[in-house]
$ cat start_32.txt   # compact mmCIF, C-alpha atoms and all ligand atoms
# COMPACT_ATOMS: atom_id res chain seq x y z
CA MET A 1 -10.42 24.86 -1.76
CA THR A 2 -8.46 21.83 -0.64
CA ASP A 3 -8.38 22.48 3.10
CA ASP A 4 -11.26 20.14 3.81
CA ILE A 5 -9.42 17.13 2.35
CA SER A 6 -8.06 14.62 4.84
CA ALA A 7 -7.00 10.99 4.73
CA ALA A 8 -8.85 10.66 8.05
CA GLN A 9 -12.12 10.76 6.09
CA ALA A 10 -11.34 7.20 4.96
CA GLY A 11 -11.52 5.92 8.55
CA ILE A 12 -8.81 3.95 10.26
CA VAL A 13 -7.23 0.50 10.19
CA GLN A 14 -4.84 -1.33 12.51
CA ILE A 15 -1.31 -2.36 11.53
CA GLY A 16 -0.63 -4.47 14.59
CA ASP A 17 -0.64 -1.96 17.46
CA LEU A 18 -0.37 1.01 15.06
CA THR A 19 -3.45 2.86 13.81
CA VAL A 20 -3.41 4.57 10.41
CA ASN A 21 -5.84 6.39 8.16
CA ARG A 22 -7.26 4.01 5.58
CA LEU A 23 -5.85 5.78 2.51
CA GLY A 24 -2.09 5.66 2.18
CA LEU A 25 0.48 6.57 -0.46
CA GLY A 26 2.36 4.33 -2.88
CA THR A 27 5.82 5.59 -3.72
CA ASN A 28 7.39 3.30 -6.31
CA ARG A 29 8.07 6.27 -8.62
CA ILE A 30 9.22 8.68 -5.89
CA ASN A 31 12.72 9.90 -6.68
CA ASP A 32 15.29 12.45 -5.60
CA ASN A 33 13.60 15.57 -7.00
CA ASP A 34 11.48 18.52 -5.90
CA GLN A 35 8.24 17.13 -7.31
CA SER A 36 8.58 13.99 -5.16
CA ARG A 37 9.54 15.96 -2.05
CA GLN A 38 6.57 18.31 -2.46
CA LEU A 39 4.24 15.38 -2.97
CA LEU A 40 5.46 13.65 0.19
CA ARG A 41 5.09 16.81 2.28
CA ARG A 42 1.61 17.49 0.90
CA ALA A 43 0.51 13.92 1.63
CA VAL A 44 1.53 14.20 5.28
CA GLU A 45 -0.11 17.64 5.48
CA LEU A 46 -3.37 16.06 4.27
CA GLY A 47 -3.32 13.40 6.97
CA VAL A 48 -1.71 10.53 5.05
CA ASN A 49 0.05 8.56 7.77
CA PHE A 50 0.80 5.33 5.92
CA ILE A 51 3.52 5.52 3.28
CA ASP A 52 4.55 2.39 1.40
CA THR A 53 7.97 2.00 -0.20
CA ALA A 54 10.46 -0.81 -0.92
CA HIS A 55 14.18 -1.50 -0.98
CA ARG A 56 14.09 -1.93 -4.75
CA TYR A 57 12.04 1.15 -5.75
CA GLN A 58 14.07 3.52 -7.94
CA GLY A 59 17.25 1.70 -6.90
CA GLY A 60 16.77 2.90 -3.32
CA ALA A 61 15.93 6.51 -4.19
CA SER A 62 12.30 6.14 -3.06
CA GLU A 63 13.37 5.17 0.47
CA ALA A 64 16.19 7.74 0.52
CA THR A 65 13.88 10.57 -0.61
CA ILE A 66 11.29 9.65 2.03
CA GLY A 67 14.07 9.63 4.64
CA SER A 68 15.61 12.95 3.58
CA THR A 69 12.21 14.67 3.25
CA LEU A 70 10.23 13.39 6.22
CA ALA A 71 12.66 12.12 8.90
CA PRO A 72 12.56 12.60 11.83
CA TYR A 73 9.05 11.28 11.33
CA PRO A 74 6.12 13.00 13.03
CA ASP A 75 4.30 10.95 15.65
CA GLY A 76 1.87 8.53 14.09
CA LEU A 77 3.44 8.47 10.60
CA VAL A 78 3.97 4.84 9.61
CA VAL A 79 6.54 4.19 6.90
CA ALA A 80 6.37 0.66 5.56
CA THR A 81 9.04 -0.86 3.39
CA LYS A 82 9.77 -4.22 1.80
CA GLY A 83 12.75 -6.44 1.23
CA GLY A 84 13.42 -9.67 -0.61
CA TRP A 85 12.63 -10.80 -4.14
CA GLN A 86 12.16 -14.19 -5.80
CA GLU A 87 15.89 -14.91 -5.75
CA THR A 88 16.71 -13.45 -2.31
CA LEU A 89 18.07 -15.88 0.29
CA PRO A 90 17.06 -15.37 3.94
CA SER A 91 20.70 -14.53 4.78
CA GLU A 92 20.59 -11.69 2.20
CA LEU A 93 17.62 -9.99 3.84
CA ARG A 94 19.81 -8.48 6.56
CA GLY A 95 21.84 -6.41 4.08
CA GLN A 96 18.65 -5.08 2.51
CA LEU A 97 17.20 -4.22 5.92
CA GLU A 98 20.37 -2.32 6.88
CA ASP A 99 20.16 -0.35 3.59
CA SER A 100 16.50 0.49 4.29
CA LEU A 101 17.20 1.61 7.87
CA ARG A 102 20.00 3.88 6.66
CA ARG A 103 18.04 5.35 3.75
CA LEU A 104 14.89 5.88 5.80
CA ARG A 105 16.98 7.42 8.61
CA THR A 106 15.43 5.33 11.35
CA ASP A 107 16.44 2.71 13.94
CA CYS A 108 13.26 0.70 13.55
CA ILE A 109 10.97 0.10 10.59
CA ASP A 110 7.27 0.18 11.52
CA LEU A 111 6.19 -2.44 8.98
CA TYR A 112 8.64 -4.64 7.09
CA GLN A 113 7.10 -6.69 4.31
CA LEU A 114 8.57 -9.67 2.50
CA HIS A 115 8.25 -8.29 -1.04
CA ARG A 116 8.24 -11.68 -2.80
CA VAL A 117 8.48 -15.26 -1.64
CA ASN A 118 11.58 -17.08 -2.97
CA PRO A 119 10.06 -20.23 -4.52
CA ASP A 120 13.19 -22.23 -3.65
CA VAL A 121 13.12 -21.36 0.07
CA PRO A 122 10.41 -22.46 2.54
CA ILE A 123 8.53 -19.29 3.54
CA GLU A 124 9.11 -20.24 7.19
CA GLU A 125 12.85 -19.56 6.74
CA SER A 126 12.44 -16.08 5.26
CA VAL A 127 9.77 -15.13 7.80
CA GLY A 128 11.97 -16.63 10.55
CA MET A 129 14.69 -14.16 9.56
CA LEU A 130 12.21 -11.26 9.78
CA LYS A 131 11.18 -12.52 13.22
CA LEU A 132 14.84 -12.32 14.27
CA PHE A 133 15.00 -8.68 13.05
CA GLN A 134 11.87 -8.02 15.10
CA GLU A 135 13.45 -9.55 18.22
CA GLU A 136 16.49 -7.32 17.62
CA GLY A 137 14.17 -4.27 17.61
CA LYS A 138 14.95 -3.36 13.99
CA ILE A 139 11.42 -3.87 12.74
CA ARG A 140 8.15 -3.48 14.60
CA HIS A 141 5.70 -5.49 12.51
CA ILE A 142 5.89 -8.08 9.73
CA GLY A 143 3.83 -8.16 6.53
CA LEU A 144 3.86 -10.23 3.33
CA SER A 145 3.40 -9.37 -0.33
CA GLU A 146 2.05 -11.48 -3.21
CA VAL A 147 1.17 -14.56 -1.16
CA ASN A 148 -1.69 -17.05 -1.12
CA VAL A 149 -3.71 -18.24 1.88
CA ASP A 150 -1.51 -21.31 2.37
CA GLN A 151 1.70 -19.25 2.46
CA LEU A 152 0.09 -16.74 4.84
CA GLN A 153 -1.03 -19.49 7.21
CA ARG A 154 2.43 -21.07 7.18
CA ALA A 155 3.98 -17.69 7.99
CA GLN A 156 1.43 -17.12 10.78
CA LYS A 157 2.70 -20.28 12.47
CA VAL A 158 6.14 -18.62 12.71
CA THR A 159 5.10 -15.16 13.95
CA PRO A 160 2.12 -12.75 13.81
CA ILE A 161 1.55 -11.29 10.33
CA VAL A 162 -0.19 -7.91 10.43
CA SER A 163 -0.57 -7.10 6.72
CA VAL A 164 -0.75 -8.57 3.23
CA GLN A 165 -0.03 -6.58 0.07
CA ASN A 166 -1.30 -8.19 -3.15
CA GLU A 167 -2.52 -6.94 -6.51
CA TYR A 168 -6.20 -6.09 -6.17
CA ASN A 169 -8.60 -3.62 -7.75
CA VAL A 170 -12.15 -3.54 -9.07
CA MET A 171 -11.04 -5.46 -12.20
CA ALA A 172 -8.23 -7.63 -10.76
CA ARG A 173 -9.99 -9.92 -8.31
CA GLN A 174 -7.83 -13.04 -8.16
CA HIS A 175 -7.30 -12.70 -4.40
CA GLU A 176 -10.89 -12.65 -3.10
CA THR A 177 -10.37 -15.71 -0.86
CA LEU A 178 -7.23 -14.22 0.63
CA LEU A 179 -8.97 -10.88 1.19
CA ASP A 180 -11.85 -12.61 2.99
CA TYR A 181 -9.36 -14.53 5.14
CA CYS A 182 -7.53 -11.29 6.04
CA THR A 183 -10.84 -9.59 6.85
CA LYS A 184 -11.77 -12.40 9.28
CA GLN A 185 -8.31 -12.36 10.86
CA GLY A 186 -8.09 -8.54 11.13
CA ILE A 187 -4.98 -8.49 8.92
CA ALA A 188 -4.66 -5.22 6.96
CA PHE A 189 -5.03 -5.82 3.20
CA ILE A 190 -2.98 -3.37 1.12
CA PRO A 191 -4.06 -3.62 -2.52
CA TRP A 192 -1.37 -2.67 -5.01
CA PHE A 193 -2.48 -1.37 -8.39
CA PRO A 194 -5.60 -0.03 -6.60
CA LEU A 195 -6.40 2.08 -9.68
CA GLY A 196 -5.62 -0.64 -12.17
CA GLY A 197 -1.91 0.04 -12.37
CA LEU A 198 -0.25 -0.22 -15.77
CA ALA A 199 -1.55 1.75 -18.74
CA GLY A 200 -3.83 -0.84 -20.37
CA ALA A 201 -5.40 -2.09 -17.14
CA ALA A 202 -5.86 1.43 -15.79
CA GLU A 203 -7.57 2.44 -19.03
CA GLN A 204 -9.93 -0.50 -18.75
CA VAL A 205 -10.92 0.55 -15.19
CA GLU A 206 -11.33 4.15 -16.37
CA ASN A 207 -13.56 3.19 -19.32
CA LYS A 208 -15.74 0.77 -17.36
CA LEU A 209 -16.31 3.19 -14.49
CA SER A 210 -16.68 6.47 -16.30
CA ASP A 211 -20.50 6.41 -16.79
CA MET A 212 -21.20 5.58 -13.16
CA ALA A 213 -18.56 8.06 -11.97
CA SER A 214 -20.32 10.96 -13.69
CA ASN A 215 -23.41 10.28 -11.52
CA TYR A 216 -21.25 10.97 -8.48
CA ASP A 217 -19.57 13.98 -10.09
CA ALA A 218 -16.37 12.01 -9.57
CA ALA A 219 -13.51 10.62 -11.63
CA PRO A 220 -13.41 6.88 -12.39
CA GLN A 221 -10.24 6.56 -10.26
CA GLN A 222 -12.13 8.00 -7.29
CA LEU A 223 -14.91 5.49 -7.78
CA ALA A 224 -12.36 2.65 -7.92
CA LEU A 225 -11.00 3.76 -4.55
CA ALA A 226 -14.47 4.26 -3.03
CA TRP A 227 -15.32 0.69 -4.06
CA LEU A 228 -12.16 -0.66 -2.41
CA LEU A 229 -12.88 1.20 0.83
CA LYS A 230 -16.40 -0.25 0.93
CA ARG A 231 -15.24 -3.78 0.03
CA SER A 232 -13.64 -4.47 3.45
CA PRO A 233 -12.92 -2.55 6.66
CA ILE A 234 -9.32 -3.83 6.63
CA MET A 235 -8.65 -2.46 3.10
CA LEU A 236 -5.80 0.07 2.98
CA PRO A 237 -5.35 1.35 -0.59
CA ILE A 238 -2.03 2.98 -1.46
CA PRO A 239 -2.65 4.78 -4.78
CA GLY A 240 0.65 5.80 -6.34
CA THR A 241 1.01 9.30 -7.75
CA LEU A 242 3.55 12.03 -8.38
CA SER A 243 0.84 14.67 -8.77
CA THR A 244 -0.53 16.65 -5.83
CA GLY A 245 -3.76 17.13 -7.80
CA HIS A 246 -4.19 13.36 -8.12
CA LEU A 247 -3.23 12.90 -4.45
CA GLU A 248 -6.01 15.30 -3.45
CA ALA A 249 -8.50 13.63 -5.80
CA ASN A 250 -7.59 10.22 -4.40
CA LEU A 251 -8.15 11.39 -0.81
CA ARG A 252 -11.49 12.93 -1.78
CA SER A 253 -12.69 9.47 -2.83
CA ALA A 254 -13.23 8.78 0.87
CA THR A 255 -16.18 11.17 0.83
CA ILE A 256 -18.01 9.30 -1.94
CA THR A 257 -20.85 7.17 -0.61
CA LEU A 258 -21.51 4.45 -3.14
CA SER A 259 -25.11 3.29 -3.29
CA GLU A 260 -25.63 -0.39 -2.51
CA ASP A 261 -26.77 -0.98 -6.12
CA ASP A 262 -23.71 0.66 -7.61
CA TYR A 263 -21.45 -1.18 -5.17
CA GLN A 264 -22.98 -4.49 -6.28
CA ARG A 265 -22.70 -3.56 -9.96
CA LEU A 266 -19.00 -2.79 -9.52
CA THR A 267 -18.48 -5.94 -7.47
CA SER A 268 -19.86 -8.10 -10.25
CA MET A 269 -18.11 -6.19 -13.04
CA ALA A 270 -14.81 -8.13 -13.11
N1 LIG A 301 3.87 -5.27 -3.47
C1 LIG A 301 4.12 -5.20 -4.75
O1 LIG A 301 4.63 -6.13 -5.36
C2 LIG A 301 3.77 -3.94 -5.48
C3 LIG A 301 3.72 -3.93 -6.90
C4 LIG A 301 3.37 -2.72 -7.54
C5 LIG A 301 3.11 -1.57 -6.76
N2 LIG A 301 3.18 -1.64 -5.39
C6 LIG A 301 2.88 -0.47 -4.54
O2 LIG A 301 1.55 -0.11 -4.80
C7 LIG A 301 1.47 1.28 -5.07
C8 LIG A 301 0.32 1.55 -6.00
O3 LIG A 301 0.50 0.90 -7.23
P1 LIG A 301 0.83 1.69 -8.56
O4 LIG A 301 1.26 3.07 -8.19
O5 LIG A 301 1.77 0.89 -9.36
O6 LIG A 301 -0.56 1.67 -9.31
P2 LIG A 301 -1.91 2.54 -9.12
O7 LIG A 301 -1.89 3.26 -7.82
O8 LIG A 301 -3.05 1.63 -9.41
O9 LIG A 301 -1.81 3.58 -10.33
C9 LIG A 301 -0.83 4.55 -10.40
C10 LIG A 301 -1.03 5.26 -11.74
O10 LIG A 301 -2.27 5.97 -11.73
C11 LIG A 301 -2.01 7.38 -11.90
N3 LIG A 301 -2.93 8.07 -10.97
C12 LIG A 301 -2.87 8.14 -9.62
N4 LIG A 301 -3.93 8.82 -9.13
C13 LIG A 301 -4.67 9.20 -10.19
C14 LIG A 301 -5.85 9.94 -10.35
N5 LIG A 301 -6.53 10.43 -9.29
N6 LIG A 301 -6.33 10.15 -11.60
C15 LIG A 301 -5.69 9.64 -12.68
N7 LIG A 301 -4.56 8.94 -12.60
C16 LIG A 301 -4.05 8.72 -11.37
C17 LIG A 301 -0.56 7.60 -11.59
O11 LIG A 301 0.00 8.64 -12.34
P3 LIG A 301 0.24 10.15 -11.76
O12 LIG A 301 1.59 10.19 -11.17
O13 LIG A 301 0.11 11.00 -13.00
O14 LIG A 301 -0.84 10.44 -10.78
C18 LIG A 301 0.06 6.26 -12.02
O15 LIG A 301 0.28 6.24 -13.41
C19 LIG A 301 2.87 1.60 -5.66
O16 LIG A 301 3.16 2.97 -5.62
C20 LIG A 301 3.75 0.76 -4.78
O17 LIG A 301 4.00 1.43 -3.56
C21 LIG A 301 3.49 -2.80 -4.77
$ encode --input "start_32.txt" --output "structure tokens"
Amino acid sequence: MTDDISAAQAGIVQIGDLTVNRLGLGTNRINDNDQSRQLLRRAVELGVNFIDTAHRYQGGASEATIGSTLAPYPDGLVVATKGGWQETLPSELRGQLEDSLRRLRTDCIDLYQLHRVNPDVPIEESVGMLKLFQEEGKIRHIGLSEVNVDQLQRAQKVTPIVSVQNEYNVMARQHETLLDYCTKQGIAFIPWFPLGGLAGAAEQVENKLSDMASNYDAAPQQLALAWLLKRSPIMLPIPGTLSTGHLEANLRSATITLSEDDYQRLTSMA
């Protein structure tokens, strides 16, 4: 039985004036094929209403597949994308945004995130360009990815920032200060690699969590997500999967109630 599974069980979080369920979907491997389309439809069916993609994922096929499968988007479904990389000039962001709007089949992107800061360009200039897109009505909200507190604060002086997406999981904890800052400011924190990400790191999370997970009759990946959800009310994990079975398992993690002792043990594990 899978009918009792719902992303709503994770609670909700604000993305500016938008409210989403606190377990979303990462789509960097989504491509133009039936498996991806089925996965996207199943996610929406199970209450996932925050889908994260990017201009560069699968050469644009992630955005295009989301657009061709889910647009016109049901009310309340927030599709977030990202533009810009280390070498992208502010003037080049417009072309990427136009690509994303076309592929996602929309006139306005709910959440547009600066994917990477160009180290040769003051962040104020790139964020200033996103603010212009916002004034033009092409994006609703602005987020950042892979930033530190200083960069976030500089961007906040230009325009409101509603989300930050950085690498974060039970073992990768280099952004604790930033996470605490976002929690205080009510800025959604979207951890990428929520399950540990690449093979070696994911294996490490799996091995370290497997004993405790068996006490909860859960998989280590589910425990990793349960820990994230408990870590902060503004946490919005976006586990990436191509498997509907894994999607369902990930959503079920919202029903795991970690004991305070186990939460503390996981917190001090990294
Ligand atoms: N902002 C950035 O710079 C940045 C960087 C990287 C990623 N991201 C975003 O963050 C999202 C999440 O990151 P990620 O997908 O790279 O890493 P992740 O979510 O930590 O891990 C994904 C890996 O775990 C597997 N998996 C998923 N659910 C599972 C489960 N229940 N049990 C066992 N294995 C499971 C997936 O394979 P299966 O397909 O077999 O499930 C995949 O190999 C991405 O999709 C992307 O949207 C952003």
$ closest_atom_pairs --input "start_32.txt" --of "chain A" --to "ligand LIG 301 (chain A)" --cutoff "6 Å" --atoms "all atoms listed in the file" --output "tab-separated table"
residue	atom	partner	partner_atom	distance
A:Gly26	CA	A:LIG301	O16	3.2
A:Thr27	CA	A:LIG301	O16	4.2
A:Asn28	CA	A:LIG301	O16	4.3
A:Asp52	CA	A:LIG301	O17	5.1
A:Thr53	CA	A:LIG301	O17	5.2
A:His115	CA	A:LIG301	N1	5.8
A:Ser145	CA	A:LIG301	N1	5.2
A:Gln165	CA	A:LIG301	N1	5.4
A:Asn166	CA	A:LIG301	N1	5.9
A:Trp192	CA	A:LIG301	O2	3.9
A:Phe193	CA	A:LIG301	O8	3.2
A:Pro194	CA	A:LIG301	O8	4.1
A:Leu195	CA	A:LIG301	O8	3.4
A:Gly196	CA	A:LIG301	O8	4.4
A:Gly197	CA	A:LIG301	O8	3.5
A:Gln221	CA	A:LIG301	N5	5.4
A:Ile238	CA	A:LIG301	C7	5.3
A:Pro239	CA	A:LIG301	O7	3.5
A:Gly240	CA	A:LIG301	O4	3.4
A:Thr241	CA	A:LIG301	O12	3.6
A:Leu242	CA	A:LIG301	O12	3.9
A:Ser243	CA	A:LIG301	O14	5.0
A:His246	CA	A:LIG301	N5	3.9
A:Ala249	CA	A:LIG301	N5	5.1
A:Asn250	CA	A:LIG301	N5	5.0
$ atom_distance --input "start_32.txt" --atom1 "atom CA of Gln113 of chain A" --atom2 "atom CA of Gly83 of chain A"
6.4 Å
$ residues_around --input "start_32.txt" --residues "Lys82 of chain A" --least-positions-apart "6" --cutoff "10 Å" --atoms "only C-alpha atoms" --output "ChimeraX atom specification"
/A:52-57,93,96-97,100,109,111-116,142-145
$ residues_around --input "start_32.txt" --residues "segment 128-137 of chain A" --least-positions-apart "3" --cutoff "7 Å" --atoms "all atoms listed in the file" --output "short mmCIF file (atom, residue, chain, number, x, y, z; two decimals) with C-alpha atoms, in the frame of the given file"
data_model
loop_
_atom_site.label_atom_id
_atom_site.label_comp_id
_atom_site.auth_asym_id
_atom_site.auth_seq_id
_atom_site.Cartn_x
_atom_site.Cartn_y
_atom_site.Cartn_z
CA PRO A 90 17.06 -15.37 3.94
CA CYS A 108 13.26 0.70 13.55
CA GLU A 124 9.11 -20.24 7.19
CA GLU A 125 12.85 -19.56 6.74
CA ARG A 140 8.15 -3.48 14.60
CA VAL A 158 6.14 -18.62 12.71
CA THR A 159 5.10 -15.16 13.95
#
$ residues_around --input "start_32.txt" --residues "segment 258-266 of chain A" --least-positions-apart "6" --cutoff "8 Å" --atoms "only C-alpha atoms" --output "list in words"
Val170, Met212, Ala226, Trp227 and Lys230 of chain A
$ residues_around --input "start_32.txt" --residues "Glu176 of chain A" --least-positions-apart "6" --cutoff "12 Å" --atoms "all atoms listed in the file" --output "MDAnalysis selection string"
chainID A and resid 148:149 166:170 182:183 189 191 231:232 267 270
$ residues_near_point --input "start_32.txt" --point "(-6.2, 18.1, 0.3)" --cutoff "9 Å" --atoms "all atoms listed in the file" --output "ChimeraX atom specification"
/A:1-7,42-43,45-47,244-245,247-249,251-252
$ residues_around --input "start_32.txt" --residues "Gln58 of chain A" --least-positions-apart "2" --cutoff "7 Å" --atoms "all atoms listed in the file" --output "VMD selection string"
chain A and resid 28 to 29 31 56 60 to 62
